[in-house]
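Source file: start_17.cif; contents: mmCIF, C-alpha atoms and all ligand atoms.
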data_input
#
loop_
_atom_site.label_atom_id
_atom_site.label_comp_id
_atom_site.auth_asym_id
_atom_site.auth_seq_id
_atom_site.Cartn_x
_atom_site.Cartn_y
_atom_site.Cartn_z
CA MET A 1 -24.83 -21.10 11.85
CA SER A 2 -21.11 -20.63 11.60
CA LYS A 3 -19.68 -17.17 11.05
CA LYS A 4 -19.12 -15.83 7.55
CA PRO A 5 -15.50 -16.32 6.48
CA LEU A 6 -14.69 -12.58 6.65
CA LEU A 7 -15.68 -12.60 10.32
CA GLN A 8 -13.53 -15.58 11.25
CA PRO A 9 -10.13 -15.14 12.91
CA TYR A 10 -6.92 -15.61 10.99
CA THR A 11 -3.36 -16.38 12.01
CA LEU A 12 -0.91 -14.05 10.29
CA GLY A 13 2.53 -15.42 11.12
CA ASP A 14 2.79 -14.89 14.88
CA LEU A 15 -0.12 -12.41 14.95
CA GLN A 16 -3.78 -13.23 15.59
CA MET A 17 -6.30 -11.30 13.50
CA LYS A 18 -9.80 -11.22 14.99
CA ASN A 19 -11.33 -11.23 11.52
CA ARG A 20 -10.21 -11.26 7.88
CA ILE A 21 -11.34 -7.72 7.12
CA VAL A 22 -8.34 -5.47 6.51
CA MET A 23 -8.43 -1.69 6.34
CA ALA A 24 -6.57 -0.90 3.13
CA PRO A 25 -4.04 1.93 2.92
CA LEU A 26 -5.73 5.27 2.19
CA THR A 27 -4.05 8.62 1.55
CA ARG A 28 -5.76 11.11 3.91
CA SER A 29 -3.29 14.02 3.96
CA ARG A 30 -3.80 15.16 7.56
CA ALA A 31 -0.10 15.63 8.43
CA ASP A 32 -0.35 19.36 7.71
CA ASN A 33 2.99 20.51 9.05
CA ALA A 34 6.32 21.18 7.33
CA ALA A 35 8.01 18.27 9.14
CA LYS A 36 5.29 15.85 7.96
CA VAL A 37 4.81 14.52 11.48
CA PRO A 38 1.61 12.53 12.24
CA VAL A 39 -0.91 14.70 14.12
CA PRO A 40 -3.11 13.73 17.12
CA ILE A 41 -6.35 13.36 15.10
CA MET A 42 -4.67 10.52 13.23
CA ALA A 43 -4.66 8.50 16.47
CA ASP A 44 -8.42 9.14 16.81
CA TYR A 45 -9.02 8.11 13.20
CA TYR A 46 -7.16 4.83 13.43
CA ARG A 47 -8.56 4.07 16.89
CA GLN A 48 -12.10 4.39 15.49
CA ARG A 49 -11.26 1.75 12.87
CA ALA A 50 -9.38 -0.70 15.11
CA THR A 51 -12.07 -3.39 14.90
CA ALA A 52 -10.61 -4.32 11.52
CA GLY A 53 -8.62 -7.54 11.69
CA LEU A 54 -5.63 -5.50 10.52
CA ILE A 55 -5.13 -1.83 9.62
CA ILE A 56 -2.62 -0.87 6.95
CA SER A 57 -1.75 2.79 7.39
CA GLU A 58 -1.76 5.42 4.71
CA GLY A 59 1.34 5.45 2.54
CA SER A 60 4.17 7.07 4.50
CA GLN A 61 7.27 8.24 2.69
CA VAL A 62 10.60 6.70 3.70
CA SER A 63 12.52 9.88 2.85
CA PRO A 64 11.84 13.50 1.89
CA GLN A 65 12.50 12.43 -1.72
CA GLY A 66 9.76 9.76 -1.60
CA VAL A 67 6.85 12.18 -1.19
CA GLY A 68 4.31 12.68 -3.96
CA TYR A 69 1.21 14.13 -2.32
CA VAL A 70 0.31 16.96 0.03
CA ASN A 71 0.54 16.47 3.82
CA THR A 72 1.35 12.76 3.80
CA PRO A 73 3.23 11.65 6.93
CA GLY A 74 6.78 10.34 6.87
CA ILE A 75 8.64 7.63 8.78
CA TYR A 76 12.21 8.85 8.39
CA SER A 77 12.70 11.36 11.24
CA LYS A 78 12.79 11.04 15.03
CA ALA A 79 9.84 13.47 15.30
CA GLN A 80 7.79 11.32 12.93
CA VAL A 81 8.52 8.18 14.98
CA GLU A 82 7.31 10.05 18.08
CA GLY A 83 4.24 11.25 16.17
CA TRP A 84 3.31 7.70 15.18
CA LYS A 85 3.55 6.31 18.72
CA PRO A 86 0.11 7.61 19.85
CA VAL A 87 -1.37 6.07 16.68
CA THR A 88 -0.03 2.56 17.29
CA GLN A 89 -0.87 2.88 21.00
CA ALA A 90 -4.48 3.85 20.22
CA VAL A 91 -4.96 0.87 17.90
CA HIS A 92 -3.37 -1.52 20.39
CA ASP A 93 -5.51 -0.12 23.23
CA GLU A 94 -8.54 -1.25 21.22
CA GLY A 95 -7.06 -4.71 20.61
CA GLY A 96 -6.24 -4.00 16.95
CA LEU A 97 -3.19 -4.52 14.74
CA ILE A 98 -1.54 -1.92 12.52
CA PHE A 99 1.12 -2.10 9.79
CA ILE A 100 2.60 1.00 8.20
CA GLN A 101 2.77 1.31 4.43
CA LEU A 102 6.27 2.34 3.32
CA TRP A 103 6.23 4.56 0.27
CA HIS A 104 8.51 6.09 -2.32
CA VAL A 105 6.63 7.53 -5.29
CA GLY A 106 9.70 7.85 -7.55
CA ARG A 107 8.83 9.77 -10.71
CA LEU A 108 5.27 10.52 -9.50
CA SER A 109 6.68 13.33 -7.36
CA HIS A 110 7.30 16.87 -8.54
CA PRO A 111 9.98 19.58 -8.00
CA ASP A 112 7.38 21.51 -5.93
CA HIS A 113 7.59 18.70 -3.35
CA LEU A 114 11.38 18.46 -3.55
CA ASP A 115 12.75 21.99 -3.03
CA GLY A 116 13.04 22.33 -6.79
CA ASN A 117 14.95 19.06 -7.29
CA LEU A 118 13.88 16.53 -9.89
CA PRO A 119 12.03 13.39 -8.85
CA VAL A 120 13.98 10.15 -9.33
CA ALA A 121 13.17 6.98 -11.27
CA PRO A 122 14.88 3.99 -12.89
CA SER A 123 15.01 5.92 -16.17
CA ALA A 124 14.50 9.53 -17.29
CA ILE A 125 10.99 8.99 -18.69
CA ASN A 126 8.12 11.37 -17.91
CA PRO A 127 5.04 9.47 -16.60
CA GLU A 128 2.77 12.13 -18.20
CA PHE A 129 0.74 12.32 -15.03
CA VAL A 130 -0.89 15.09 -12.98
CA VAL A 131 0.71 15.52 -9.54
CA ARG A 132 -1.05 17.03 -6.49
CA THR A 133 1.54 19.55 -5.23
CA PRO A 134 1.48 22.12 -2.42
CA ASN A 135 0.79 24.65 -5.22
CA GLY A 136 -2.08 22.77 -6.81
CA LYS A 137 -2.21 20.14 -9.55
CA LYS A 138 0.74 20.22 -11.93
CA ASP A 139 1.98 18.19 -14.88
CA SER A 140 4.68 15.67 -14.04
CA VAL A 141 8.25 16.28 -15.20
CA THR A 142 10.98 14.10 -16.67
CA PRO A 143 12.70 12.50 -13.66
CA ARG A 144 16.41 12.00 -13.07
CA ALA A 145 17.63 8.42 -13.59
CA LEU A 146 18.97 6.89 -10.39
CA SER A 147 22.68 6.07 -10.17
CA LEU A 148 23.78 2.78 -8.60
CA ALA A 149 24.78 4.71 -5.47
CA ASP A 150 21.36 6.42 -5.37
CA ILE A 151 19.64 3.02 -5.49
CA GLN A 152 21.70 1.76 -2.54
CA SER A 153 20.84 4.86 -0.57
CA ILE A 154 17.11 4.24 -1.16
CA VAL A 155 17.60 0.63 0.00
CA SER A 156 19.03 2.13 3.21
CA ASP A 157 16.07 4.52 3.47
CA PHE A 158 13.71 1.53 3.48
CA SER A 159 15.69 -0.32 6.14
CA ARG A 160 15.83 2.79 8.31
CA ALA A 161 12.06 3.14 7.84
CA ALA A 162 11.62 -0.50 8.90
CA SER A 163 13.52 0.02 12.14
CA ASN A 164 11.71 3.32 12.74
CA ALA A 165 8.39 1.51 12.26
CA MET A 166 9.35 -1.06 14.89
CA GLU A 167 10.38 1.71 17.27
CA ALA A 168 7.06 3.51 16.66
CA GLY A 169 5.19 0.37 17.75
CA PHE A 170 3.85 -0.88 14.43
CA ASP A 171 3.09 -4.60 14.21
CA GLY A 172 4.65 -4.72 10.77
CA VAL A 173 5.19 -2.91 7.49
CA GLU A 174 3.81 -3.10 3.98
CA ILE A 175 6.16 -2.20 1.14
CA HIS A 176 4.22 -0.15 -1.40
CA SER A 177 5.52 -1.89 -4.51
CA SER A 178 2.33 -1.20 -6.44
CA ASN A 179 0.29 1.38 -8.34
CA GLY A 180 3.02 2.87 -10.50
CA TYR A 181 5.30 4.03 -7.67
CA LEU A 182 9.06 3.48 -7.49
CA PHE A 183 9.22 -0.33 -7.29
CA HIS A 184 6.59 -0.70 -9.99
CA GLN A 185 8.60 1.75 -12.13
CA PHE A 186 11.50 -0.72 -11.92
CA PHE A 187 9.26 -3.70 -12.85
CA ALA A 188 7.71 -2.09 -15.96
CA PRO A 189 9.59 -1.92 -19.27
CA CYS A 190 7.78 1.34 -20.15
CA SER A 191 9.43 3.11 -17.19
CA ASN A 192 12.66 1.10 -16.93
CA THR A 193 15.00 1.09 -19.93
CA ARG A 194 18.18 0.59 -17.89
CA THR A 195 20.96 -1.51 -19.33
CA ASP A 196 22.68 -2.30 -16.01
CA GLN A 197 21.79 -4.95 -13.38
CA TYR A 198 18.47 -3.17 -12.66
CA GLY A 199 17.07 -3.33 -16.21
CA GLY A 200 16.29 -5.91 -18.87
CA SER A 201 15.60 -9.37 -17.44
CA HIS A 202 12.92 -10.24 -14.87
CA GLU A 203 15.66 -10.82 -12.34
CA ASN A 204 17.12 -7.38 -13.01
CA ARG A 205 13.87 -5.42 -12.99
CA THR A 206 12.82 -7.00 -9.67
CA ARG A 207 16.30 -6.79 -8.09
CA PHE A 208 15.64 -3.51 -6.27
CA LEU A 209 12.60 -4.97 -4.47
CA PHE A 210 14.51 -8.04 -3.32
CA GLU A 211 17.45 -5.92 -2.18
CA VAL A 212 15.04 -3.86 -0.09
CA LEU A 213 13.43 -7.00 1.37
CA ASP A 214 16.82 -8.47 2.23
CA ALA A 215 17.94 -5.22 3.85
CA MET A 216 14.72 -4.78 5.85
CA LYS A 217 14.97 -8.34 7.20
CA GLN A 218 18.08 -7.25 9.09
CA HIS A 219 15.95 -4.74 11.03
CA MET A 220 12.69 -6.58 11.67
CA PRO A 221 11.16 -10.06 11.51
CA GLU A 222 10.52 -11.25 7.97
CA ASN A 223 7.04 -12.46 8.94
CA ARG A 224 6.07 -8.86 9.79
CA ILE A 225 6.78 -7.62 6.25
CA GLY A 226 4.02 -7.53 3.67
CA LEU A 227 4.06 -6.13 0.19
CA ARG A 228 1.55 -4.90 -2.33
CA LEU A 229 1.34 -5.51 -6.08
CA ASN A 230 -1.07 -4.40 -8.81
CA PRO A 231 -0.18 -6.46 -11.90
CA SER A 232 -3.09 -5.20 -14.03
CA ALA A 233 -2.54 -1.48 -13.49
CA HIS A 234 -3.05 -0.13 -16.99
CA ASP A 235 -3.05 3.51 -18.07
CA TYR A 236 -2.72 4.13 -14.36
CA HIS A 237 -0.16 6.48 -12.79
CA GLY A 238 1.83 6.49 -15.99
CA LEU A 239 2.13 2.71 -16.51
CA VAL A 240 0.72 0.33 -19.10
CA VAL A 241 0.38 -3.44 -19.34
CA ASP A 242 2.49 -5.05 -22.07
CA ALA A 243 3.44 -8.53 -23.23
CA ASP A 244 6.04 -8.87 -20.47
CA THR A 245 3.90 -7.63 -17.58
CA LEU A 246 2.41 -10.97 -16.51
CA PRO A 247 5.63 -12.95 -17.04
CA THR A 248 7.36 -10.35 -14.83
CA PHE A 249 4.78 -10.67 -12.05
CA ASP A 250 4.68 -14.48 -12.38
CA TYR A 251 8.44 -14.53 -11.84
CA LEU A 252 8.30 -12.02 -8.98
CA ILE A 253 5.43 -13.66 -7.10
CA GLY A 254 7.00 -17.10 -7.53
CA LYS A 255 10.23 -15.79 -6.03
CA LEU A 256 8.36 -14.33 -3.04
CA ASN A 257 7.80 -17.95 -1.97
CA ASN A 258 11.46 -17.95 -0.91
CA TYR A 259 10.48 -15.51 1.84
CA ASN A 260 8.34 -16.04 4.92
CA LEU A 261 6.40 -12.80 4.53
CA ALA A 262 3.41 -11.62 6.56
CA TYR A 263 1.38 -11.48 3.37
CA LEU A 264 1.16 -10.63 -0.29
CA HIS A 265 -1.45 -7.91 -0.92
CA LEU A 266 -2.78 -8.04 -4.48
CA SER A 267 -5.19 -5.73 -6.24
CA GLU A 268 -7.77 -6.79 -8.78
CA PRO A 269 -7.68 -4.48 -11.82
CA PHE A 270 -8.52 -0.87 -10.93
CA THR A 271 -10.19 -0.41 -14.32
CA ASP A 272 -11.89 -2.67 -16.87
CA VAL A 273 -8.97 -4.41 -18.61
CA SER A 274 -11.04 -7.05 -20.40
CA GLN A 275 -10.16 -5.42 -23.75
CA VAL A 276 -6.51 -4.74 -22.88
CA ALA A 277 -4.08 -7.09 -24.60
CA PHE A 278 -2.00 -9.20 -22.16
CA ALA A 279 -3.85 -7.96 -19.03
CA GLU A 280 -5.09 -10.45 -16.41
CA THR A 281 -8.71 -9.84 -15.41
CA GLN A 282 -8.69 -12.23 -12.42
CA ILE A 283 -5.70 -11.54 -10.26
CA ALA A 284 -6.52 -13.64 -7.17
CA LYS A 285 -7.41 -16.65 -9.30
CA ARG A 286 -4.16 -16.41 -11.24
CA TYR A 287 -1.89 -15.91 -8.27
CA ARG A 288 -3.48 -18.07 -5.55
CA PRO A 289 -1.98 -21.24 -7.02
CA ILE A 290 1.44 -19.57 -7.44
CA TYR A 291 1.81 -17.85 -4.06
CA LYS A 292 2.10 -20.19 -1.07
CA GLY A 293 1.85 -17.63 1.75
CA ASN A 294 -0.94 -15.46 3.15
CA LEU A 295 -2.83 -13.74 0.36
CA MET A 296 -4.78 -10.50 0.75
CA ILE A 297 -7.00 -9.21 -2.06
CA ASN A 298 -8.33 -5.72 -2.61
CA LYS A 299 -10.40 -3.41 -4.75
CA GLY A 300 -14.12 -2.97 -4.91
CA PHE A 301 -15.26 -5.91 -2.78
CA THR A 302 -18.58 -5.94 -0.92
CA PHE A 303 -19.29 -8.10 2.14
CA GLU A 304 -20.88 -10.67 -0.18
CA SER A 305 -18.15 -10.77 -2.81
CA GLY A 306 -15.48 -10.75 -0.09
CA ASN A 307 -17.02 -13.80 1.59
CA LYS A 308 -17.34 -15.47 -1.79
CA ILE A 309 -13.68 -15.10 -2.71
CA LEU A 310 -12.65 -16.48 0.70
CA ASP A 311 -15.11 -19.37 0.32
CA GLU A 312 -13.67 -20.15 -3.10
CA GLY A 313 -10.19 -20.26 -1.58
CA PHE A 314 -8.67 -17.57 -3.80
CA ALA A 315 -7.62 -15.34 -0.88
CA ASP A 316 -7.17 -15.42 2.91
CA MET A 317 -8.07 -11.80 3.72
CA VAL A 318 -9.91 -8.97 1.96
CA ALA A 319 -8.80 -5.33 2.19
CA TYR A 320 -11.45 -2.59 2.08
CA GLY A 321 -10.46 1.01 1.43
CA VAL A 322 -13.16 3.58 0.65
CA PRO A 323 -15.85 1.81 2.78
CA PHE A 324 -13.70 2.43 5.88
CA ILE A 325 -13.71 6.21 5.32
CA ALA A 326 -17.35 6.80 6.28
CA ASN A 327 -17.85 3.57 8.23
CA PRO A 328 -15.38 3.41 11.12
CA ASP A 329 -17.40 0.44 12.40
CA LEU A 330 -17.40 -1.34 9.04
CA VAL A 331 -16.87 -4.76 10.65
CA ARG A 332 -19.93 -4.36 12.85
CA ARG A 333 -22.03 -3.06 9.94
CA PHE A 334 -21.04 -6.07 7.86
CA GLU A 335 -21.75 -8.43 10.73
CA HIS A 336 -25.26 -7.08 11.37
CA GLY A 337 -26.16 -6.10 7.83
CA PHE A 338 -26.41 -2.41 8.79
CA PRO A 339 -26.42 0.04 5.87
CA LEU A 340 -23.14 1.65 4.81
CA ALA A 341 -22.62 5.42 4.84
CA GLU A 342 -21.21 7.20 1.78
CA ALA A 343 -17.98 9.15 2.11
CA ASP A 344 -17.66 12.68 0.75
CA PRO A 345 -14.70 12.84 -1.66
CA LYS A 346 -14.36 16.60 -1.05
CA SER A 347 -12.93 15.87 2.41
CA TYR A 348 -10.61 12.99 1.47
CA TYR A 349 -7.47 15.13 1.45
CA ILE A 350 -8.24 18.30 3.45
CA PRO A 351 -6.58 19.09 6.81
CA GLY A 352 -8.44 18.62 10.08
CA PRO A 353 -11.16 16.38 11.52
CA LYS A 354 -13.95 17.19 9.03
CA GLY A 355 -14.74 14.17 6.88
CA TYR A 356 -12.06 12.30 8.82
CA THR A 357 -12.92 11.56 12.44
CA ASP A 358 -16.52 12.83 12.40
CA TYR A 359 -18.18 9.86 10.66
CA PRO A 360 -20.26 8.22 13.41
CA ALA A 361 -20.70 4.54 14.17
CA TYR A 362 -24.11 3.15 13.17
CA LYS A 363 -26.90 3.70 15.72
C1 LIG B 401 -3.79 8.51 -4.05
O1 LIG B 401 -3.58 9.21 -3.06
O2 LIG B 401 -4.52 8.90 -4.97
C2 LIG B 401 -3.17 7.19 -4.13
C3 LIG B 401 -2.15 6.90 -3.24
C4 LIG B 401 -1.57 5.66 -3.27
C5 LIG B 401 -2.00 4.71 -4.17
C6 LIG B 401 -3.00 4.99 -5.04
C7 LIG B 401 -3.60 6.24 -5.03
O3 LIG B 401 -1.42 3.52 -4.16
#
For this file, write the structure as structure tokens.
Ligand code: PHB
Amino acid sequence: MSKKPLLQPYTLGDLQMKNRIVMAPLTRSRADNAAKVPVPIMADYYRQRATAGLIISEGSQVSPQGVGYVNTPGIYSKAQVEGWKPVTQAVHDEGGLIFIQLWHVGRLSHPDHLDGNLPVAPSAINPEFVVRTPNGKKDSVTPRALSLADIQSIVSDFSRAASNAMEAGFDGVEIHSSNGYLFHQFFAPCSNTRTDQYGGSHENRTRFLFEVLDAMKQHMPENRIGLRLNPSAHDYHGLVVDADTLPTFDYLIGKLNNYNLAYLHLSEPFTDVSQVAFAETQIAKRYRPIYKGNLMINKGFTFESGNKILDEGFADMVAYGVPFIANPDLVRRFEHGFPLAEADPKSYYIPGPKGYTDYPAYK
């Protein structure tokens, strides 16, 4: 009997994945130091999970301004690059591959993360969200609208992060252009009311993303850059679906065909959007015919449903998030039909090894 599709190898540009099971990016908040440098237990954690065909790291801010959660690591300083090296080395020692997710949360930050400064966004519109700050959960604030010069400096932050990622030994990067963070804030009319070249038309609202892609290409191979989109995010992180959401993503994803990217990582709806006007309920099915490159799909898949979507031809890889928390050997458990362990949400975001590196492999 031939192997299930998830267990078959896949060629990702010039990289060879040993299977099509991807570890999705997961915020784990273990970088508990003021400089937000990756800590040694992070190398243990990723090493334990290196049997995935590809690991995508936790979101890692490209600048001090990009942070929106407690103890998330950065990729902007020399010390952070050094801190990531043992992580990439550990994954490579086990024969795995690892991309880093590059993050700027935009208006989903808070002055408590930013030395009292306002978060930034395309427009000065409060997301009405609750932010996890070093001083506990707090209501979001009205951000400061970015100037044209500010936007160019964030483009530079992403290209610096790309070259830092290469220096740290990552196999590639994933731009976090999803889930209501900065890029998504540019795409969505509810968070972007600009009247300059970054607001209004589809071309304008997606311009920032393409400027970042074009800048990053100068610092690393295009086929090592992936990006993530969540077109049906609704009532999520301050964004809503409207009549222009799908036309915007149709335009954007069509234009990505002009690039030779590592992959496009799409999320199925995070919530039930079957009653939401204009929302797409079947993301992979809609976008598989439009996107010509490698397609990764995420959110809520089991081994069975993951194999099914690959069999149907709607995706090339499936990313699993939460199952990887308590099942470092998820690939082996899937392969042998071993039961999955349940993760404890109380230890998702606490410092130290508890609930992080102490989940055993199946015996
Ligand atoms: C989270 O930490 O809750 C989180 C981070 C990044 C996402 C989504 C959720 O894209």
Please build the interface table for chain A against ligand LIG 401 (chain B) with a cut-off of 9 Å, listing for each qualifying residue the nearest atom pair and the distance in Å to one decimal; count only C-alpha atoms and all ligand atoms, order rows by chain and increasing number, and write it as CSV.
residue,atom,partner,partner_atom,distance
A:Pro25,CA,B:LIG401,C4,7.6
A:Leu26,CA,B:LIG401,C3,6.7
A:Thr27,CA,B:LIG401,O1,4.7
A:Arg28,CA,B:LIG401,O1,7.5
A:Ser29,CA,B:LIG401,O1,8.5
A:Glu58,CA,B:LIG401,C4,8.0
A:Gly59,CA,B:LIG401,C4,6.5
A:Gly68,CA,B:LIG401,O1,8.7
A:Tyr69,CA,B:LIG401,O1,6.9
A:Trp103,CA,B:LIG401,C4,8.6
A:Val105,CA,B:LIG401,C4,8.6
A:Arg132,CA,B:LIG401,O1,8.9
A:His176,CA,B:LIG401,O3,7.3
A:Ser177,CA,B:LIG401,O3,8.8
A:Ser178,CA,B:LIG401,O3,6.4
A:Asn179,CA,B:LIG401,O3,5.0
A:Gly180,CA,B:LIG401,O3,7.8
A:Tyr181,CA,B:LIG401,O3,7.6
A:His237,CA,B:LIG401,C6,8.4
A:Tyr349,CA,B:LIG401,O1,8.4
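Going from atom CA of A:Val120 over to atom CA of A:Leu256, you cover 25.9 Å.
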Hey, could you make a per-residue contact list for stretch 218-277 of chain A against stretch 183-189 of chain A with 10 Å as the cut-off, showing the nearest pair of atoms and its distance in Å to one decimal, counting all atoms listed in the file, sorted by chain and number, as a Markdown table?
| residue | atom | partner | partner_atom | distance |
| --- | --- | --- | --- | --- |
| A:Leu229 | CA | A:His184 | CA | 8.1 |
| A:Asn230 | CA | A:His184 | CA | 8.6 |
| A:Pro231 | CA | A:His184 | CA | 9.1 |
| A:Ala233 | CA | A:His184 | CA | 9.8 |
| A:His237 | CA | A:Gln185 | CA | 10.0 |
| A:Gly238 | CA | A:Gln185 | CA | 9.1 |
| A:Leu239 | CA | A:Ala188 | CA | 7.4 |
| A:Val240 | CA | A:Ala188 | CA | 8.0 |
| A:Val241 | CA | A:Ala188 | CA | 8.2 |
| A:Asp242 | CA | A:Pro189 | CA | 8.2 |
| A:Ala243 | CA | A:Pro189 | CA | 9.9 |
| A:Asp244 | CA | A:Pro189 | CA | 7.9 |
| A:Thr245 | CA | A:Ala188 | CA | 6.9 |
| A:Thr248 | CA | A:Phe187 | CA | 7.2 |
| A:Phe249 | CA | A:Phe187 | CA | 8.3 |
| A:Leu252 | CA | A:Phe187 | CA | 9.2 |
Checklist line | Contacts of A:Arg207 at 12 Å (only C-alpha atoms; same-chain gap of 2+ positions) as a list in words | finding: Pro122, Ile151, Gln152, Val155, Phe183, His184, Phe186, Phe187, Asp196, Gln197, Tyr198, Gly199, Gly200, Ser201, His202, Glu203, Asn204, Arg205, Leu209, Phe210, Glu211, Val212, Leu213, Asp214, Thr248, Tyr251, Leu252 and Lys255 of chain A
Margin query: (-5.0, -6.9, 10.8) in this file's frame - what residues fall within 9 Å of it? Use all atoms listed in the file and give the answer as a list in words.
Written below: Tyr10, Leu12, Leu15, Gln16, Met17, Lys18, Asn19, Arg20, Ile21, Val22, Met23, Ala50, Thr51, Ala52, Gly53, Leu54, Ile55, Ile56, Gly96, Leu97, Ile98 and Phe99 of chain A
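Relative to atom CA of A:Asp157, atom CA of A:Gly83 is found at 18.6 Å.
Residues lying within 10 Å of A:Tyr76, counting only C-alpha atoms and ignoring same-chain neighbours fewer than 3 positions away, are A:Lys36, A:Val37, A:Ser60, A:Gln61, A:Val62, A:Ser63, A:Pro64, A:Pro73, A:Ala79, A:Gln80, A:Val81, A:Asp157, A:Phe158, A:Arg160, A:Ala161, A:Ala162, A:Ser163, A:Asn164, A:Ala165.
Between A:Val276 and the candidates A:Val322, A:Ser2, A:Ser153, A:Asp235, the tightest atom-to-atom separation, counting only C-alpha atoms, involves A:Asp235.
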Could you pull out every residue with an atom within 12 Å of (13.6, 20.7, 0.5), file coordinates, counting all atoms listed in the file, and send them as a PDB file with C-alpha atoms, in the coordinates of the input?
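As written to disk, out_13.pdb reads:
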ATOM      1  CA  ALA A  34       6.320  21.180   7.330  1.00  0.00           C
ATOM      2  CA  ALA A  35       8.010  18.270   9.140  1.00  0.00           C
ATOM      3  CA  SER A  63      12.520   9.880   2.850  1.00  0.00           C
ATOM      4  CA  PRO A  64      11.840  13.500   1.890  1.00  0.00           C
ATOM      5  CA  GLN A  65      12.500  12.430  -1.720  1.00  0.00           C
ATOM      6  CA  GLY A  66       9.760   9.760  -1.600  1.00  0.00           C
ATOM      7  CA  VAL A  67       6.850  12.180  -1.190  1.00  0.00           C
ATOM      8  CA  HIS A 110       7.300  16.870  -8.540  1.00  0.00           C
ATOM      9  CA  PRO A 111       9.980  19.580  -8.000  1.00  0.00           C
ATOM     10  CA  ASP A 112       7.380  21.510  -5.930  1.00  0.00           C
ATOM     11  CA  HIS A 113       7.590  18.700  -3.350  1.00  0.00           C
ATOM     12  CA  LEU A 114      11.380  18.460  -3.550  1.00  0.00           C
ATOM     13  CA  ASP A 115      12.750  21.990  -3.030  1.00  0.00           C
ATOM     14  CA  GLY A 116      13.040  22.330  -6.790  1.00  0.00           C
ATOM     15  CA  ASN A 117      14.950  19.060  -7.290  1.00  0.00           C
ATOM     16  CA  LEU A 118      13.880  16.530  -9.890  1.00  0.00           C
ATOM     17  CA  PRO A 119      12.030  13.390  -8.850  1.00  0.00           C
TER      18      PRO A 119
END
